[in-house]
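The block underneath contains the structure these notes are about, expressed in structure tokens.
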Amino acid sequence: MCWVEKFSDVPQCKKFFLEGTTPNLPGILVGGTVKDQNRYKPICQLFNNTYRFATLYDTTNRIPVFSAYTFTGNVVGSKRPINQTWMIEPQLENIDIKEMKTQGDKKVKELNNNKAVTHQAVDTDYELNKMKLDRGHLFPCSHAPDDDAKRSTFTLTNAVPQYEKFNRGSWKTMECRVRKFLELNCKDNNDQIKAYVVTGAVPSHSNTLNKRVNIPDHLWTAYCCYNNNLKQWVAGAHWGENVQDTKGKTLNPETLGALEGELNKIYNVGVKVFHDKCPRTVVLSVLEDETGRNLESVEEVGKKRVRERSRERSIKMARRTGELKECDEEDGCDCDCDEK
């Protein structure tokens with residue numbers, strides 16, 4: 001649902017944000033209100049009559065600012081491959097259809113009088129591009145709880161141009177590890193998996209795909225959830241540079257505060273990704289980290305970087321000899337979703 005000042009104007013959208021609190025991005029989204037409403041459009045992503053996630057979309061750069069969703073684990077998803085045609089948001093083109101649809105949908109073409117789609121990316125922007133850019137999900141298909149939710153992630157309002165080696169390499173590995181972490185550590189008082197996740201893109205100044213779609217410089221993601229075992233809220237974050245990652249760089253977990261500090265350099269002081277109950281600095285209890293090992297605290301991650309570099313070299317050697325598989329197909333981390 002587009003053309004609203006606040007996500008809260010659509011009640012079904014509030015559930016994707018902890019305590020209904022949207023991210024604070026100075027100059028873009030402040031106190032839940034979009035500042036430049038001609039450029040930035042809140043979308044409550046509707047697919048098959050159900051709201052699936054929320055996106056703030058930049059119609060100038062033709063990429064999302066962020067997508068927000070609740071992670072609940074793979075509840076009823078099937079093992080069948082997801083083969084979904086990419087969709088667009090009709091309302092961005094003033095087409096009176098409230099659900100995402102494929103660009104070739106008969107009703108979309110009829111109501112749009114066969115005019116070009118101007119306010120968002122389209123398939124032809126990505127097809128046959130020679131820059132080795134994928135349609136990179138912000139809300140990843142592999143984090144969706146069922147087949148319809150997985151299909152709903154295939155809207156171009158949820159995608160950015162992402163270099164293929166980054167998208168299919170370190171970013172995909174990180175998504176897999178985060179999924180495992182959330183499944184292990186984010187269970188509420190009813191022992192149900194539930195976490196809040198926001199994933200965003202930092203646009204470049206002038207790098208574009210097909211002279212239309214901004215190619216972001218960085219991608220970032222953060223999660224926050226209640227851990228019933230620890231009786232406290234936990235949070236973490238990652239970010240990475242959108243480049244052809246030929247060396248297989250590992251995206252290490254960071255604190256939520258560290259991510260907000262990085263985003264403050266871009267959007268000016270005042271960035272808040274989550275509600276105040278999410279810890280910004282240290283988680284002071286034993287958790288399962290994203291590789292399944294015990295961590296004393298998130299703070300320890302920073303102290304162990306030197307040892308991690310040595311460990312990464314060992315991991316690469318083990319992978320080459322077949323001794324270690326951290327995120328193999330049996331984990332279902334890519335859920336047979338075509339991320340391209």
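Following the order of the structure tokens, first chain is A, next is B, and so on, with residues numbered from 1 inside each chain and ligands from 1 in the order they appear.
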
Point to revise | Who sits within 10 Å of stretch 16-21 of chain A, only C-alpha atoms, same chain under 2 positions skipped, as number ranges by chain | key: A: 7-8, 11-14, 23-24, 31-32, 44, 51-55, 67-71, 195-198, 224-225, 272-278

Check your understanding: Running DSSP on the backbone, which parts of stretch 18-194 of chain A land in strand (DSSP E), as a VMD selection string?
Key -> chain A and resid 29 to 30 33 to 34 40 to 47 50 to 58 63 to 71 87 to 88 101 to 102 133 to 137 159 to 163

Would you tabulate, counting only C-alpha atoms, all residues of stretch 170-274 of chain A that have an atom at most 9 Å from an atom of stretch 144-161 of chain A, showing the closest pair of atoms and their distance in Å to one decimal, sorted by chain then ascending number, as a tab-separated table?
```
residue	atom	partner	partner_atom	distance
A:Ala201	CA	A:Val160	CA	7.7
A:Thr208	CA	A:Pro161	CA	8.7
A:Leu209	CA	A:Pro161	CA	7.4
A:Val213	CA	A:Pro161	CA	7.7
A:Asn214	CA	A:Pro161	CA	7.4
A:Ile215	CA	A:Pro161	CA	5.3
A:Pro216	CA	A:Pro161	CA	7.1
A:Asn242	CA	A:Pro161	CA	8.9
```

Point to revise | Which of A:Ile63, A:Val202, A:Trp171, A:Asp245 sits closest to A:Asn264 [using only C-alpha atoms] | key: A:Val202

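Taking only C-alpha atoms into account, A:Lys249 lies nearest to A:Phe166 out of the set A:Arg212, A:Glu89, A:Lys132, A:Phe166.
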
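Closest approach to A:His205 among A:Thr281, A:Asn129, A:Tyr163, A:Asn61: A:Asn61, based on only C-alpha atoms.
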
Practice item. Do a neighbour search on A:Leu259 at 12 Å with only C-alpha atoms, toss out local chain neighbours closer than 6 positions, and write the hits as number ranges by chain. Key: A: 198-200, 218-223, 235-240, 252-253, 265-266, 271-274, 280-281

Could you write out the selected residues, including N, CA and C atoms, as a CSV table (one decimal), in the first residue's frame?
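Listing of result-v3.csv after writing:
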```csv
chain,number,residue,atom,x,y,z
A,198,VAL,N,15.7,-5.7,9.7
A,198,VAL,CA,15.7,-4.6,8.8
A,198,VAL,C,17.0,-4.7,7.9
A,199,THR,N,16.8,-4.6,6.6
A,199,THR,CA,18.0,-4.7,5.7
A,199,THR,C,17.9,-3.5,4.7
A,200,GLY,N,19.0,-2.8,4.5
A,200,GLY,CA,18.9,-1.6,3.7
A,200,GLY,C,20.1,-1.5,2.8
A,218,HIS,N,26.9,0.2,-0.4
A,218,HIS,CA,26.9,-0.8,0.7
A,218,HIS,C,25.6,-1.4,0.9
A,219,LEU,N,25.5,-2.6,1.5
A,219,LEU,CA,24.3,-3.1,2.0
A,219,LEU,C,24.5,-3.4,3.5
A,220,TRP,N,23.4,-3.3,4.3
A,220,TRP,CA,23.5,-3.5,5.7
A,220,TRP,C,22.3,-4.3,6.2
A,221,THR,N,22.4,-4.9,7.3
A,221,THR,CA,21.2,-5.6,7.9
A,221,THR,C,21.4,-5.7,9.4
A,222,ALA,N,20.3,-5.7,10.1
A,222,ALA,CA,20.3,-5.8,11.6
A,222,ALA,C,19.1,-6.6,12.1
A,223,TYR,N,19.3,-7.2,13.2
A,223,TYR,CA,18.2,-8.0,13.8
A,223,TYR,C,18.1,-7.7,15.3
A,235,ALA,N,20.6,-8.3,20.0
A,235,ALA,CA,20.7,-7.7,18.7
A,235,ALA,C,22.0,-7.8,18.0
A,236,GLY,N,22.1,-7.7,16.7
A,236,GLY,CA,23.3,-7.7,16.0
A,236,GLY,C,23.2,-7.2,14.6
A,237,ALA,N,24.3,-7.0,13.9
A,237,ALA,CA,24.2,-6.4,12.6
A,237,ALA,C,25.4,-6.8,11.7
A,238,HIS,N,25.3,-6.6,10.4
A,238,HIS,CA,26.3,-6.8,9.4
A,238,HIS,C,26.2,-5.7,8.4
A,239,TRP,N,27.3,-5.4,7.7
A,239,TRP,CA,27.3,-4.6,6.5
A,239,TRP,C,28.5,-5.0,5.6
A,240,GLY,N,28.3,-4.7,4.4
A,240,GLY,CA,29.3,-5.1,3.4
A,240,GLY,C,29.3,-4.2,2.2
A,252,ASN,N,31.7,-10.3,9.3
A,252,ASN,CA,31.7,-10.6,10.7
A,252,ASN,C,30.5,-9.9,11.4
A,253,PRO,N,29.9,-10.6,12.4
A,253,PRO,CA,28.8,-9.9,13.2
A,253,PRO,C,29.4,-8.7,13.9
A,265,LYS,N,27.4,8.3,9.7
A,265,LYS,CA,28.3,9.0,8.8
A,265,LYS,C,27.7,9.3,7.5
A,266,ILE,N,26.7,8.6,7.1
A,266,ILE,CA,26.0,8.8,5.8
A,266,ILE,C,24.8,9.7,5.9
A,271,VAL,N,20.5,8.3,13.5
A,271,VAL,CA,20.1,7.1,12.9
A,271,VAL,C,19.7,6.1,14.1
A,272,LYS,N,18.5,5.5,14.0
A,272,LYS,CA,18.1,4.4,14.9
A,272,LYS,C,17.4,3.4,14.1
A,273,VAL,N,18.0,2.2,14.1
A,273,VAL,CA,17.4,1.1,13.3
A,273,VAL,C,16.2,0.5,14.0
A,274,PHE,N,16.3,0.3,15.4
A,274,PHE,CA,15.3,-0.3,16.2
A,274,PHE,C,14.9,0.5,17.4
A,280,ARG,N,22.6,-1.8,22.1
A,280,ARG,CA,23.4,-1.2,21.1
A,280,ARG,C,24.9,-1.7,21.2
A,281,THR,N,25.3,-2.2,22.4
A,281,THR,CA,26.7,-2.4,22.6
A,281,THR,C,27.1,-3.8,22.8
```

Practice item. Rank nothing, just name the residue among A:Asp134, A:Asp191, A:Asp58, A:Glu110 nearest to A:Lys165, using only C-alpha atoms. Key: A:Asp134

Practice item. Return as a VMD selection string the full set of residues in stretch 121-259 of chain A whose backbone-based DSSP assignment is alpha helix (DSSP H). Key: chain A and resid 123 to 126 147 to 152 164 to 165 171 to 185 256 to 259

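Among the candidates A:Gln84, A:Asn190, A:Asn228, A:Ser170, the one nearest to A:Gly248 when counting only C-alpha atoms is A:Ser170.
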
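For A:Asn189, the non-local neighbours within 12 Å, defined as residues at least 2 positions apart in the same chain or in other chains and counting only C-alpha atoms, are Cys186, Lys187, Asp191, Gln192, Ile193, Lys194, Cys225, Tyr226, Asn227, Asn228, Asn229, Leu230, Lys231 and Gln232 of chain A.
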
File of the preceding selection, C-alpha atoms, as a JSON list (two decimals), in the first residue's frame:
```json
[["chain", "number", "residue", "atom", "x", "y", "z"],
["A", 186, "CYS", "CA", 15.18, -15.83, 19.06],
["A", 187, "LYS", "CA", 12.41, -17.67, 20.88],
["A", 191, "ASP", "CA", 8.95, -20.84, 22.59],
["A", 192, "GLN", "CA", 8.09, -19.48, 19.14],
["A", 193, "ILE", "CA", 10.81, -18.18, 16.84],
["A", 194, "LYS", "CA", 10.41, -14.44, 16.29],
["A", 225, "CYS", "CA", 14.77, -10.32, 19.23],
["A", 226, "TYR", "CA", 13.86, -11.50, 22.70],
["A", 227, "ASN", "CA", 15.77, -14.52, 23.99],
["A", 228, "ASN", "CA", 13.55, -16.43, 26.41],
["A", 229, "ASN", "CA", 16.45, -18.47, 27.81],
["A", 230, "LEU", "CA", 18.38, -15.35, 28.72],
["A", 231, "LYS", "CA", 15.29, -13.29, 29.55],
["A", 232, "GLN", "CA", 16.70, -10.36, 27.60]]
```
